[in-house]
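Chemist: Just one file: upload-v9.tsv, with TSV, C-alpha atoms.
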chain	number	residue	atom	x	y	z
A	945	MET	CA	-128.82	-78.93	60.04
A	946	SER	CA	-125.21	-79.73	59.25
A	947	LYS	CA	-122.50	-77.19	58.81
A	948	VAL	CA	-119.33	-77.79	56.78
A	949	VAL	CA	-116.39	-75.76	58.08
A	950	VAL	CA	-112.94	-75.52	56.54
A	951	VAL	CA	-109.90	-74.64	58.61
A	952	THR	CA	-107.44	-73.11	56.17
A	953	SER	CA	-104.52	-70.69	55.94
A	954	GLY	CA	-102.39	-71.04	52.82
A	955	LYS	CA	-99.18	-70.97	54.81
A	956	GLY	CA	-98.04	-74.08	56.64
A	957	GLY	CA	-97.25	-74.33	60.33
A	958	VAL	CA	-99.61	-71.62	61.52
A	959	GLY	CA	-101.86	-73.94	63.52
A	960	LYS	CA	-104.53	-75.38	61.23
A	961	THR	CA	-104.39	-78.90	62.62
A	962	THR	CA	-104.14	-77.67	66.21
A	963	THR	CA	-107.16	-75.45	65.58
A	964	THR	CA	-109.14	-78.23	63.90
A	965	ALA	CA	-108.42	-80.58	66.81
A	966	ASN	CA	-109.36	-78.04	69.46
A	967	ILE	CA	-112.48	-76.66	67.82
A	968	ALA	CA	-113.73	-80.13	66.90
A	969	ALA	CA	-113.10	-81.34	70.46
A	970	GLY	CA	-114.72	-78.25	71.98
A	971	VAL	CA	-117.80	-78.38	69.77
A	972	ALA	CA	-118.20	-82.13	70.39
A	973	GLN	CA	-117.83	-81.62	74.15
A	974	ARG	CA	-120.78	-79.23	74.01
A	975	GLY	CA	-122.91	-82.10	72.74
A	976	HIS	CA	-122.77	-81.67	68.97
A	977	LYS	CA	-122.03	-84.70	66.81
A	978	THR	CA	-118.82	-83.67	65.09
A	979	VAL	CA	-116.38	-85.12	62.59
A	980	ALA	CA	-112.92	-83.79	61.79
A	981	ILE	CA	-111.65	-84.73	58.31
A	982	ASP	CA	-107.96	-84.62	57.47
A	983	PHE	CA	-107.53	-83.45	53.85
A	984	ASP	CA	-103.74	-83.54	53.96
A	985	VAL	CA	-103.36	-86.66	51.82
A	986	GLY	CA	-99.83	-88.02	52.06
A	987	LEU	CA	-99.00	-86.04	55.20
A	988	ARG	CA	-101.70	-86.93	57.69
A	989	ASN	CA	-101.28	-85.50	61.16
A	990	LEU	CA	-104.68	-84.82	62.64
A	991	ASP	CA	-104.76	-88.40	63.98
A	992	LEU	CA	-101.49	-87.78	65.82
A	993	VAL	CA	-102.59	-84.48	67.33
A	994	LEU	CA	-105.84	-86.09	68.49
A	995	GLY	CA	-104.00	-89.15	69.81
A	996	CYS	CA	-105.77	-91.78	67.69
A	997	GLU	CA	-102.89	-92.63	65.32
A	998	ARG	CA	-102.74	-96.26	66.40
A	999	ARG	CA	-106.39	-96.82	65.64
A	1000	VAL	CA	-106.25	-95.83	61.96
A	1001	VAL	CA	-107.21	-98.79	59.78
A	1002	TYR	CA	-109.00	-97.26	56.82
A	1003	ASP	CA	-108.75	-93.68	55.62
A	1004	PHE	CA	-110.51	-90.99	53.59
A	1005	VAL	CA	-109.04	-92.22	50.29
A	1006	ASN	CA	-110.17	-95.80	51.00
A	1007	VAL	CA	-113.68	-94.41	51.41
A	1008	LEU	CA	-113.45	-92.32	48.22
A	1009	LYS	CA	-112.28	-95.36	46.25
A	1010	GLY	CA	-115.02	-97.54	47.67
A	1011	GLU	CA	-112.53	-99.80	49.47
A	1012	ALA	CA	-114.05	-99.17	52.88
A	1013	LYS	CA	-117.42	-98.05	54.19
A	1014	LEU	CA	-117.49	-94.59	55.76
A	1015	GLY	CA	-118.83	-95.93	59.04
A	1016	ILE	CA	-115.86	-98.28	59.36
A	1017	ALA	CA	-113.21	-95.71	58.46
A	1018	LEU	CA	-114.47	-93.18	61.04
A	1019	ILE	CA	-112.58	-93.29	64.34
A	1020	ARG	CA	-114.57	-92.53	67.46
A	1021	ASP	CA	-112.60	-90.51	70.01
A	1022	LYS	CA	-112.18	-92.32	73.32
A	1023	ARG	CA	-112.28	-89.22	75.53
A	1024	ILE	CA	-114.94	-87.13	73.85
A	1025	GLU	CA	-118.21	-88.81	73.12
A	1026	ASN	CA	-119.41	-86.94	70.04
A	1027	LEU	CA	-116.05	-86.59	68.30
A	1028	HIS	CA	-115.13	-88.62	65.23
A	1029	VAL	CA	-112.08	-88.47	63.00
A	1030	LEU	CA	-111.70	-89.34	59.34
A	1031	PRO	CA	-107.94	-89.66	58.79
A	1032	ALA	CA	-106.15	-88.83	55.54
A	1033	SER	CA	-104.30	-91.48	53.58
A	1034	GLN	CA	-100.58	-91.59	54.26
A	1035	THR	CA	-99.63	-93.39	51.07
A	1036	ARG	CA	-101.70	-92.00	48.22
A	1037	ASP	CA	-101.36	-88.64	46.56
A	1038	LYS	CA	-103.74	-85.72	46.56
A	1039	ASP	CA	-105.08	-86.56	43.09
A	1040	ALA	CA	-107.26	-89.13	44.83
A	1041	LEU	CA	-109.49	-86.22	45.87
A	1042	ASP	CA	-112.14	-85.03	43.42
A	1043	PRO	CA	-115.23	-82.86	43.96
A	1044	GLU	CA	-117.66	-85.63	43.14
A	1045	GLY	CA	-116.21	-88.16	45.59
A	1046	VAL	CA	-115.67	-85.62	48.36
A	1047	GLY	CA	-119.20	-84.31	47.87
A	1048	LYS	CA	-120.63	-87.79	48.27
A	1049	VAL	CA	-118.72	-88.41	51.50
A	1050	ILE	CA	-119.89	-85.07	52.91
A	1051	GLU	CA	-123.50	-85.84	51.98
A	1052	GLU	CA	-123.22	-89.23	53.67
A	1053	LEU	CA	-121.80	-87.64	56.83
A	1054	LYS	CA	-124.73	-85.23	56.84
A	1055	SER	CA	-127.19	-88.09	56.52
A	1056	MET	CA	-125.45	-89.84	59.43
A	1057	GLY	CA	-126.47	-86.89	61.58
A	1058	PHE	CA	-123.16	-85.06	61.90
A	1059	GLU	CA	-123.88	-81.47	62.88
A	1060	TYR	CA	-120.37	-80.14	62.30
A	1061	ILE	CA	-118.09	-81.41	59.56
A	1062	ILE	CA	-114.71	-79.77	60.10
A	1063	CYS	CA	-112.24	-80.02	57.23
A	1064	ASP	CA	-108.56	-79.65	58.08
A	1065	SER	CA	-106.93	-78.20	54.97
A	1066	PRO	CA	-103.37	-78.95	53.91
A	1067	ALA	CA	-101.00	-76.00	53.46
A	1068	GLY	CA	-100.72	-74.41	50.04
A	1069	ILE	CA	-103.42	-73.57	47.50
A	1070	GLU	CA	-103.21	-76.75	45.44
A	1071	LYS	CA	-105.79	-79.46	44.97
A	1072	GLY	CA	-105.92	-80.74	48.55
A	1073	ALA	CA	-106.53	-77.25	49.90
A	1074	GLN	CA	-109.11	-76.50	47.21
A	1075	MET	CA	-110.97	-79.74	47.92
A	1076	ALA	CA	-110.99	-79.01	51.66
A	1077	MET	CA	-112.70	-75.65	51.08
A	1078	TYR	CA	-114.90	-76.63	48.13
A	1079	PHE	CA	-118.05	-77.63	50.03
A	1080	ALA	CA	-117.59	-75.30	53.00
A	1081	ASP	CA	-120.37	-73.17	54.44
A	1082	GLU	CA	-117.96	-71.36	56.73
A	1083	ALA	CA	-114.20	-70.88	56.82
A	1084	ILE	CA	-111.86	-70.37	59.72
A	1085	VAL	CA	-108.77	-68.68	58.34
A	1086	VAL	CA	-105.87	-69.30	60.69
A	1087	ALA	CA	-103.08	-66.71	60.58
A	1088	ASN	CA	-100.03	-65.72	62.57
A	1089	PRO	CA	-99.27	-62.02	63.06
A	1090	GLU	CA	-96.48	-62.25	60.53
A	1091	VAL	CA	-96.08	-60.94	56.97
A	1092	SER	CA	-96.02	-64.17	54.96
A	1093	SER	CA	-98.94	-65.65	56.85
A	1094	VAL	CA	-101.12	-62.55	56.39
A	1095	ARG	CA	-100.32	-62.37	52.69
A	1096	ASP	CA	-101.17	-66.05	52.21
A	1097	SER	CA	-104.39	-65.64	54.18
A	1098	ASP	CA	-105.47	-62.93	51.78
A	1099	ARG	CA	-104.80	-65.24	48.83
A	1100	VAL	CA	-106.87	-67.95	50.49
A	1101	LEU	CA	-109.73	-65.49	51.01
A	1102	GLY	CA	-109.60	-64.88	47.26
A	1103	LEU	CA	-109.92	-68.61	46.60
A	1104	LEU	CA	-112.77	-68.96	49.09
A	1105	ALA	CA	-114.63	-66.24	47.20
A	1106	ALA	CA	-114.00	-67.73	43.76
A	1107	LYS	CA	-113.15	-71.43	43.68
A	1108	THR	CA	-115.75	-73.04	45.89
A	1109	ASN	CA	-119.11	-74.64	45.36
A	1110	ARG	CA	-120.92	-71.65	46.83
A	1111	ALA	CA	-119.07	-69.31	44.47
A	1112	GLU	CA	-119.79	-71.50	41.45
A	1113	VAL	CA	-123.44	-72.15	42.21
A	1114	GLY	CA	-123.96	-68.53	43.24
A	1115	THR	CA	-125.47	-69.10	46.69
A	1116	ALA	CA	-124.54	-66.93	49.68
A	1117	PRO	CA	-120.75	-66.65	49.93
A	1118	ILE	CA	-118.76	-68.63	52.52
A	1119	LYS	CA	-118.66	-66.90	55.88
A	1120	SER	CA	-114.98	-66.42	56.74
A	1121	HIS	CA	-113.62	-65.76	60.21
A	1122	LEU	CA	-110.11	-64.91	61.31
A	1123	LEU	CA	-108.33	-66.87	64.01
A	1124	LEU	CA	-105.06	-65.24	64.96
A	1125	THR	CA	-102.68	-67.70	66.61
A	1126	ARG	CA	-99.27	-67.50	68.31
A	1127	TYR	CA	-100.08	-63.96	69.43
A	1128	SER	CA	-97.73	-62.23	71.81
A	1129	PRO	CA	-99.30	-59.12	73.42
A	1130	ALA	CA	-95.94	-58.15	74.92
A	1131	MET	CA	-94.29	-58.01	71.49
A	1132	VAL	CA	-97.26	-56.12	70.03
A	1133	LYS	CA	-96.96	-53.55	72.82
A	1134	LYS	CA	-93.31	-53.01	71.93
A	1135	GLY	CA	-94.17	-52.60	68.25
A	1136	GLU	CA	-92.40	-55.81	67.30
A	1137	MET	CA	-95.45	-57.73	66.10
A	1138	LEU	CA	-98.47	-56.89	63.95
A	1139	SER	CA	-101.43	-56.20	66.22
A	1140	VAL	CA	-104.79	-57.91	65.91
A	1141	ASP	CA	-106.23	-54.61	64.65
A	1142	ASP	CA	-103.55	-54.38	61.96
A	1143	VAL	CA	-104.35	-57.87	60.70
A	1144	LEU	CA	-108.11	-57.25	60.81
A	1145	GLU	CA	-107.68	-54.04	58.83
A	1146	LEU	CA	-105.55	-55.81	56.21
A	1147	LEU	CA	-107.77	-58.86	55.76
A	1148	GLY	CA	-111.18	-57.31	56.34
A	1149	ILE	CA	-112.92	-60.32	57.89
A	1150	PRO	CA	-114.46	-60.65	61.37
A	1151	LEU	CA	-112.38	-61.94	64.27
A	1152	LEU	CA	-113.22	-65.32	65.73
A	1153	GLY	CA	-110.50	-65.23	68.33
A	1154	VAL	CA	-106.90	-64.74	69.35
A	1155	ILE	CA	-104.81	-67.65	70.62
A	1156	PRO	CA	-101.79	-66.59	72.64
A	1157	GLU	CA	-98.35	-68.05	72.00
A	1158	SER	CA	-97.97	-70.78	74.59
A	1159	LYS	CA	-95.98	-73.84	75.51
A	1160	ALA	CA	-99.24	-75.66	76.17
A	1161	VAL	CA	-99.78	-76.20	72.43
A	1162	LEU	CA	-96.62	-78.30	72.07
A	1163	GLN	CA	-97.29	-80.09	75.33
A	1164	SER	CA	-100.74	-81.10	74.16
A	1165	SER	CA	-99.56	-82.36	70.78
A	1166	ASN	CA	-96.80	-84.30	72.58
A	1167	LYS	CA	-99.53	-86.03	74.54
A	1168	GLY	CA	-101.99	-86.38	71.69
A	1169	ALA	CA	-104.72	-84.63	73.67
A	1170	PRO	CA	-106.18	-81.32	72.41
A	1171	ALA	CA	-105.17	-78.36	74.60
A	1172	ILE	CA	-108.83	-77.47	75.20
A	1173	LEU	CA	-109.19	-80.51	77.49
A	1174	ASP	CA	-106.93	-78.98	80.15
A	1175	GLU	CA	-108.93	-75.90	81.03
A	1176	THR	CA	-106.24	-74.44	83.29
A	1177	THR	CA	-104.13	-73.15	80.39
A	1178	ASP	CA	-104.61	-69.84	78.61
A	1179	VAL	CA	-104.67	-71.65	75.26
A	1180	ALA	CA	-107.56	-73.85	76.42
A	1181	GLN	CA	-109.44	-70.77	77.65
A	1182	ALA	CA	-108.84	-69.00	74.35
A	1183	TYR	CA	-110.03	-72.00	72.32
A	1184	LEU	CA	-113.07	-72.39	74.59
A	1185	ASP	CA	-114.03	-68.79	73.89
A	1186	VAL	CA	-113.58	-69.50	70.18
A	1187	VAL	CA	-115.86	-72.54	70.41
A	1188	TYR	CA	-118.58	-70.57	72.20
A	1189	ARG	CA	-118.36	-67.74	69.67
A	1190	PHE	CA	-118.40	-70.25	66.85
A	1191	LEU	CA	-121.60	-71.72	68.31
A	1192	GLY	CA	-123.13	-68.27	68.34
A	1193	GLU	CA	-122.53	-67.00	71.88
A	1194	GLU	CA	-121.11	-63.59	72.63
A	1195	ARG	CA	-117.76	-63.68	74.39
A	1196	GLU	CA	-115.45	-60.78	75.02
A	1197	HIS	CA	-112.05	-61.08	73.33
A	1198	ARG	CA	-109.23	-61.93	75.71
A	1199	PHE	CA	-105.46	-62.45	75.46
A	1200	ILE	CA	-105.08	-59.34	73.32
A	1201	GLU	CA	-103.62	-57.15	76.05
A	1202	GLU	CA	-100.54	-57.99	78.05
A	1203	GLU	CA	-101.33	-59.68	81.35
A	1204	LYS	CA	-100.58	-57.48	84.35
A	1205	ARG	CA	-98.02	-59.21	86.54
A	1206	GLY	CA	-97.27	-58.34	90.12
A	1207	ILE	CA	-93.74	-57.67	91.25
A	1208	LEU	CA	-93.51	-61.10	92.93
A	1209	ARG	CA	-94.60	-62.96	89.80
A	1210	ARG	CA	-92.18	-60.88	87.79
A	1211	LEU	CA	-89.35	-61.96	90.05
A	1212	PHE	CA	-90.32	-65.55	90.69
A	1213	GLY	CA	-92.94	-66.36	87.99
B	684	MET	CA	-72.68	-48.72	71.51
B	685	ALA	CA	-75.40	-50.89	72.90
B	686	PHE	CA	-75.89	-48.63	75.90
B	687	PHE	CA	-76.73	-45.63	73.71
B	688	ASP	CA	-78.69	-47.70	71.22
B	689	TYR	CA	-81.11	-48.36	74.02
B	690	PHE	CA	-82.09	-44.70	74.14
B	691	ARG	CA	-82.14	-44.14	70.42
B	692	ARG	CA	-85.59	-44.08	68.89
B	693	GLN	CA	-86.03	-47.44	67.27
B	694	GLN	CA	-88.09	-47.95	64.18
B	695	LYS	CA	-90.99	-50.21	64.97
B	696	THR	CA	-90.87	-53.27	62.76
B	697	ALA	CA	-94.60	-53.98	63.18
B	698	GLY	CA	-95.34	-50.69	61.39
B	699	MET	CA	-93.02	-51.66	58.57
B	700	ALA	CA	-94.77	-55.02	58.28
B	701	LYS	CA	-98.15	-53.35	58.06
B	702	ASP	CA	-97.05	-50.85	55.43
B	703	ARG	CA	-95.46	-53.52	53.26
B	704	LEU	CA	-98.48	-55.76	53.59
B	705	SER	CA	-101.01	-53.07	52.71
B	706	VAL	CA	-99.20	-52.52	49.41
B	707	ILE	CA	-98.71	-56.16	48.45
B	708	VAL	CA	-102.14	-57.33	49.58
B	709	ALA	CA	-103.89	-54.56	47.64
B	710	ARG	CA	-101.91	-55.43	44.52
B	711	GLU	CA	-102.54	-59.15	44.72
B	712	ARG	CA	-106.20	-58.67	45.49
B	713	VAL	CA	-106.83	-57.27	41.99
B	714	GLY	CA	-109.13	-59.67	40.24
B	715	THR	CA	-109.42	-62.05	43.16
B	716	ARG	CA	-111.66	-60.29	45.65
B	717	GLY	CA	-114.32	-57.66	45.26
B	718	GLY	CA	-113.57	-56.87	41.64
B	719	PRO	CA	-114.57	-58.67	38.46
B	720	ASP	CA	-112.67	-61.84	37.58
B	721	TYR	CA	-111.15	-60.45	34.41
B	722	LEU	CA	-108.91	-57.80	36.02
B	723	ALA	CA	-105.93	-60.12	36.51
B	724	GLN	CA	-106.30	-61.38	32.95
B	725	LEU	CA	-106.70	-57.85	31.62
B	726	GLN	CA	-103.46	-56.93	33.34
B	727	GLN	CA	-101.69	-59.90	31.72
B	728	GLU	CA	-103.05	-59.16	28.25
B	729	LEU	CA	-102.19	-55.46	28.46
B	730	LEU	CA	-98.72	-56.50	29.45
B	731	ALA	CA	-98.48	-58.84	26.45
B	732	VAL	CA	-99.48	-56.04	24.06
B	733	LEU	CA	-97.15	-53.51	25.65
B	734	ALA	CA	-94.30	-56.00	25.59
B	735	LYS	CA	-94.42	-55.93	21.78
B	736	TYR	CA	-93.38	-52.29	21.82
B	737	GLU	CA	-91.61	-51.76	25.11
B	738	ARG	CA	-89.48	-53.69	27.54
B	739	ILE	CA	-91.87	-53.81	30.42
B	740	ASP	CA	-92.48	-55.80	33.63
B	741	LEU	CA	-95.64	-56.95	35.31
B	742	HIS	CA	-95.14	-54.57	38.21
B	743	GLN	CA	-95.11	-51.62	35.81
B	744	VAL	CA	-98.72	-52.25	34.84
B	745	SER	CA	-101.36	-51.82	37.49
B	746	VAL	CA	-105.06	-52.35	37.03
B	747	ASN	CA	-107.41	-51.14	39.72
B	748	LEU	CA	-111.10	-50.91	40.16
B	749	ASP	CA	-112.30	-48.22	42.54
B	750	ARG	CA	-115.84	-47.78	43.72
B	751	THR	CA	-116.99	-44.29	44.54
B	752	GLY	CA	-120.68	-44.22	45.29
B	753	ASP	CA	-122.44	-46.08	42.48
B	754	CYS	CA	-119.69	-45.31	39.98
B	755	ASP	CA	-116.93	-47.79	39.11
B	756	VAL	CA	-113.63	-46.33	38.00
B	757	LEU	CA	-111.22	-48.57	36.14
B	758	GLU	CA	-107.75	-47.20	36.65
B	759	LEU	CA	-104.88	-48.28	34.43
B	760	ASN	CA	-101.40	-47.26	35.38
B	761	ILE	CA	-98.56	-48.03	33.03
B	762	LEU	CA	-95.07	-47.02	33.97
B	763	LEU	CA	-92.82	-46.74	30.93
B	764	PRO	CA	-89.12	-47.39	31.43
B	765	GLU	CA	-87.75	-43.98	30.50
B	766	GLN	CA	-84.17	-44.71	31.28
B	767	ALA	CA	-84.16	-47.89	29.20
B	768	GLU	CA	-85.71	-45.96	26.32
B	769	ALA	CA	-83.06	-43.23	26.50
B	770	ASN	CA	-80.29	-45.82	26.50
B	771	ARG	CA	-81.68	-47.56	23.44
B	772	ARG	CA	-81.91	-44.29	21.52
B	773	ALA	CA	-78.32	-43.44	22.40
B	774	ALA	CA	-77.20	-46.86	21.22
B	775	GLY	CA	-79.17	-46.40	17.98
B	776	ALA	CA	-77.42	-43.08	17.28
B	777	VAL	CA	-74.00	-44.68	17.54
B	778	SER	CA	-74.60	-47.60	15.22
Any chance you could give the structure as structure tokens?
Modeler:
Amino acid sequence: MSKVVVVTSGKGGVGKTTTTANIAAGVAQRGHKTVAIDFDVGLRNLDLVLGCERRVVYDFVNVLKGEAKLGIALIRDKRIENLHVLPASQTRDKDALDPEGVGKVIEELKSMGFEYIICDSPAGIEKGAQMAMYFADEAIVVANPEVSSVRDSDRVLGLLAAKTNRAEVGTAPIKSHLLLTRYSPAMVKKGEMLSVDDVLELLGIPLLGVIPESKAVLQSSNKGAPAILDETTDVAQAYLDVVYRFLGEEREHRFIEEEKRGILRRLFG
Amino acid sequence: MAFFDYFRRQQKTAGMAKDRLSVIVARERVGTRGGPDYLAQLQQELLAVLAKYERIDLHQVSVNLDRTGDCDVLELNILLPEQAEANRRAAGAVS
């Protein structure tokens, strides 16, 4: 059984690509054959975040146009055995994507035995974003606890419910989950940031996880290695929990409350 | 003074964010989630008809579908610009 998952948000810069990279890496590490597809045609970045940018020869658009075979365009990750990447084209425009072509590629990936097909959506609600979500079975809506991000997430939930294959065919609707990133429990405690409960109440979808604001995210993209690989950081722990929950395990939510710090860590930490 | 500001009760911005969002999200959700597809279009068409007779903006027409039990209530709310109307009448009297 294959599952098509879209990572989407509407707003840019909230952590879609970071989330795609970490969830794909985490799911693949747990032994599932996984592919991460970059739908951001013209502005590809998933390759860079996953550290395989120098190995891109053919891309998604080449495959759609029949210029390259899918098996050749797929990049196998060197660190994680079951992880593959299908990079976006850097030169073409998003009109290269159409439901028929994208559908064929997804079907072929399924027949190649990929269990998880994770689609990294571009920002916005235009064609690229709509194509990324069109064939999804599940959606991970990435949001920051911030007004514009929450508003855009709600718009995206509207699109997921109306402009996707499942909506058009009339099968069970896409299962959407919320992933709240860049969360700062200290600011929430002071009333300076929307709390996870606020966002859940506004959006009305179940919580997949909370990723705390952390320097580790930038450090990992600097290196081109997903944060989840260095299990000592809080971000890696948070993404690991997300991966387990995504795979159906129960995990208690963490990183929602402020960490208690001793007087020594407060002074010298 | 900053020293006294510290003790003054500060308005929590997170609460403001939540209040503003609950209004805007509810308004934009009309016709996109939960309700029938035609609500947004209905709102636009009502606006077009009203615009023939009144100067009116999109935010003055609200269309809502409420579910209470097994009963759907379609709620139309049209806010007429009273002040604008009064001004126009006054201008008409002069000319």
Chemist: Between A:Leu1191, A:Ala1182, A:Val1161, A:Ala968, which has the minimum distance to A:Glu1025 (counting only C-alpha atoms)?
Modeler: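 Between A:Leu1191, A:Ala1182, A:Val1161, A:Ala968, the residue approaching A:Glu1025 most closely is A:Ala968.
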Chemist: Show which residues sit within 7 Å of A:Ala1080, as number ranges by chain. Count only C-alpha atoms, and ignore same-chain residues fewer than 4 positions away.
Modeler: A: 948-950, 1118
Chemist: Which residues of chain A sit at most 12 Å from chain B, using only C-alpha atoms? Give each one's shortest atom pair and distance in Å (one decimal place), in chain and ascending residue order, as CSV.
Modeler:
residue,atom,partner,partner_atom,distance
A:Pro1089,CA,B:Ala697,CA,9.3
A:Glu1090,CA,B:Ala700,CA,7.8
A:Val1091,CA,B:Ala700,CA,6.2
A:Ser1092,CA,B:Leu704,CA,8.9
A:Ser1093,CA,B:Leu704,CA,10.4
A:Val1094,CA,B:Leu704,CA,7.8
A:Arg1095,CA,B:Val708,CA,6.2
A:Asp1096,CA,B:Val708,CA,9.2
A:Ser1097,CA,B:Val708,CA,9.8
A:Asp1098,CA,B:Val708,CA,6.9
A:Arg1099,CA,B:Arg712,CA,7.5
A:Val1100,CA,B:Thr715,CA,9.7
A:Leu1101,CA,B:Arg716,CA,7.7
A:Gly1102,CA,B:Thr715,CA,5.0
A:Leu1103,CA,B:Thr715,CA,7.4
A:Leu1104,CA,B:Arg716,CA,9.4
A:Ala1105,CA,B:Arg716,CA,6.8
A:Ala1106,CA,B:Thr715,CA,7.3
A:Lys1107,CA,B:Thr715,CA,10.1
A:Ala1111,CA,B:Arg716,CA,11.7
A:Pro1117,CA,B:Arg716,CA,11.9
A:Met1131,CA,B:Ala697,CA,9.2
A:Val1132,CA,B:Ala697,CA,7.7
A:Lys1133,CA,B:Ala697,CA,9.9
A:Lys1134,CA,B:Lys695,CA,7.9
A:Gly1135,CA,B:Lys695,CA,5.2
A:Glu1136,CA,B:Ala697,CA,5.0
A:Met1137,CA,B:Ala697,CA,4.8
A:Leu1138,CA,B:Ala697,CA,4.9
A:Ser1139,CA,B:Ala697,CA,7.8
A:Val1140,CA,B:Lys701,CA,11.2
A:Asp1141,CA,B:Lys701,CA,10.5
A:Asp1142,CA,B:Lys701,CA,6.7
A:Val1143,CA,B:Lys701,CA,8.1
A:Leu1144,CA,B:Lys701,CA,11.0
A:Glu1145,CA,B:Ser705,CA,9.1
A:Leu1146,CA,B:Ser705,CA,6.4
A:Leu1147,CA,B:Val708,CA,8.5
A:Gly1148,CA,B:Arg716,CA,11.1
Chemist: Under the rule that only C-alpha atoms are counted, which of A:Ile1200, A:Val958, A:Leu1008, A:Ala1130 is the nearest residue to A:Ala1040?
Modeler: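 Comparing A:Ile1200, A:Val958, A:Leu1008, A:Ala1130 against A:Ala1040, the winner is A:Leu1008.
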Chemist: Might you pull out every residue within 10 Å of A:Gly995, with all atoms listed in the file counted and same-chain residues fewer than 2 positions away left off, and present them as a PyMOL selection string?
Modeler: chain A and resi 989-993+997-999+1021-1022+1164-1170
Chemist: Find the distance between atom CA of B:Leu748 and atom CA of A:Glu1112 and write it in Å to one decimal.
Modeler: 22.4 Å
Chemist: I'd like the interatomic distance between atom CA of A:Leu1173 and atom CA of A:Gly970, to a tenth of an Å.
Modeler: 8.1 Å
Chemist: Please provide as a compact mmCIF listing (two decimals) with C-alpha atoms, keeping the file's coordinate frame all residues within 8 Å of A:Phe1079, with the sequence filter that same-chain residues fewer than 5 positions apart are discarded (counting all atoms listed in the file).
Modeler:
# COMPACT_ATOMS: atom_id res chain seq x y z
CA VAL A 948 -119.33 -77.79 56.78
CA GLY A 1047 -119.20 -84.31 47.87
CA THR A 1108 -115.75 -73.04 45.89
CA ASN A 1109 -119.11 -74.64 45.36
CA ARG A 1110 -120.92 -71.65 46.83
Chemist: So, with only C-alpha atoms as the atoms that count, which of A:Asn1088, A:Thr1115, A:Ser1120, A:Thr964 lies closest to A:Pro1156?
Modeler: A:Asn1088
Chemist: Do you have the atom CA of A:Asp1064-atom CA of A:Lys960 distance handy?
Modeler: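 Answer for the atom CA of A:Asp1064 to atom CA of A:Lys960 separation: 6.7 Å.
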Chemist: Check the smallest atom-to-atom distance from each of A:Gln1034, A:Thr978, A:Thr1176, A:Ser1128 to A:Ala965 using all atoms listed in the file, then report the winner.
Modeler: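 Looking only at the distances to A:Ala965, the closest residue turns out to be A:Thr978.
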Chemist: Could you check the closest approach to A:Val951 for each of A:Arg1020, A:Lys977, A:His1121, A:Lys1009 and tell me which residue wins, using all atoms listed in the file?
Modeler: A:His1121
Chemist: Name the residues in contact with A:Pro1031 at a cut-off of 12 Å, using all atoms listed in the file, excluding same-chain residues fewer than 4 positions from it; report them as a PyMOL selection string.
Modeler: chain A and resi 961+979-1007+1014+1016-1020+1035+1063-1064
Chemist: Since we have the selection now, will you write its residues out, keeping C-alpha atoms, as a JSON list (two decimals), in the coordinates of the input?
Modeler:
[["chain", "number", "residue", "atom", "x", "y", "z"],
["A", 961, "THR", "CA", -104.39, -78.90, 62.62],
["A", 979, "VAL", "CA", -116.38, -85.12, 62.59],
["A", 980, "ALA", "CA", -112.92, -83.79, 61.79],
["A", 981, "ILE", "CA", -111.65, -84.73, 58.31],
["A", 982, "ASP", "CA", -107.96, -84.62, 57.47],
["A", 983, "PHE", "CA", -107.53, -83.45, 53.85],
["A", 984, "ASP", "CA", -103.74, -83.54, 53.96],
["A", 985, "VAL", "CA", -103.36, -86.66, 51.82],
["A", 986, "GLY", "CA", -99.83, -88.02, 52.06],
["A", 987, "LEU", "CA", -99.00, -86.04, 55.20],
["A", 988, "ARG", "CA", -101.70, -86.93, 57.69],
["A", 989, "ASN", "CA", -101.28, -85.50, 61.16],
["A", 990, "LEU", "CA", -104.68, -84.82, 62.64],
["A", 991, "ASP", "CA", -104.76, -88.40, 63.98],
["A", 992, "LEU", "CA", -101.49, -87.78, 65.82],
["A", 993, "VAL", "CA", -102.59, -84.48, 67.33],
["A", 994, "LEU", "CA", -105.84, -86.09, 68.49],
["A", 995, "GLY", "CA", -104.00, -89.15, 69.81],
["A", 996, "CYS", "CA", -105.77, -91.78, 67.69],
["A", 997, "GLU", "CA", -102.89, -92.63, 65.32],
["A", 998, "ARG", "CA", -102.74, -96.26, 66.40],
["A", 999, "ARG", "CA", -106.39, -96.82, 65.64],
["A", 1000, "VAL", "CA", -106.25, -95.83, 61.96],
["A", 1001, "VAL", "CA", -107.21, -98.79, 59.78],
["A", 1002, "TYR", "CA", -109.00, -97.26, 56.82],
["A", 1003, "ASP", "CA", -108.75, -93.68, 55.62],
["A", 1004, "PHE", "CA", -110.51, -90.99, 53.59],
["A", 1005, "VAL", "CA", -109.04, -92.22, 50.29],
["A", 1006, "ASN", "CA", -110.17, -95.80, 51.00],
["A", 1007, "VAL", "CA", -113.68, -94.41, 51.41],
["A", 1014, "LEU", "CA", -117.49, -94.59, 55.76],
["A", 1016, "ILE", "CA", -115.86, -98.28, 59.36],
["A", 1017, "ALA", "CA", -113.21, -95.71, 58.46],
["A", 1018, "LEU", "CA", -114.47, -93.18, 61.04],
["A", 1019, "ILE", "CA", -112.58, -93.29, 64.34],
["A", 1020, "ARG", "CA", -114.57, -92.53, 67.46],
["A", 1035, "THR", "CA", -99.63, -93.39, 51.07],
["A", 1063, "CYS", "CA", -112.24, -80.02, 57.23],
["A", 1064, "ASP", "CA", -108.56, -79.65, 58.08]]
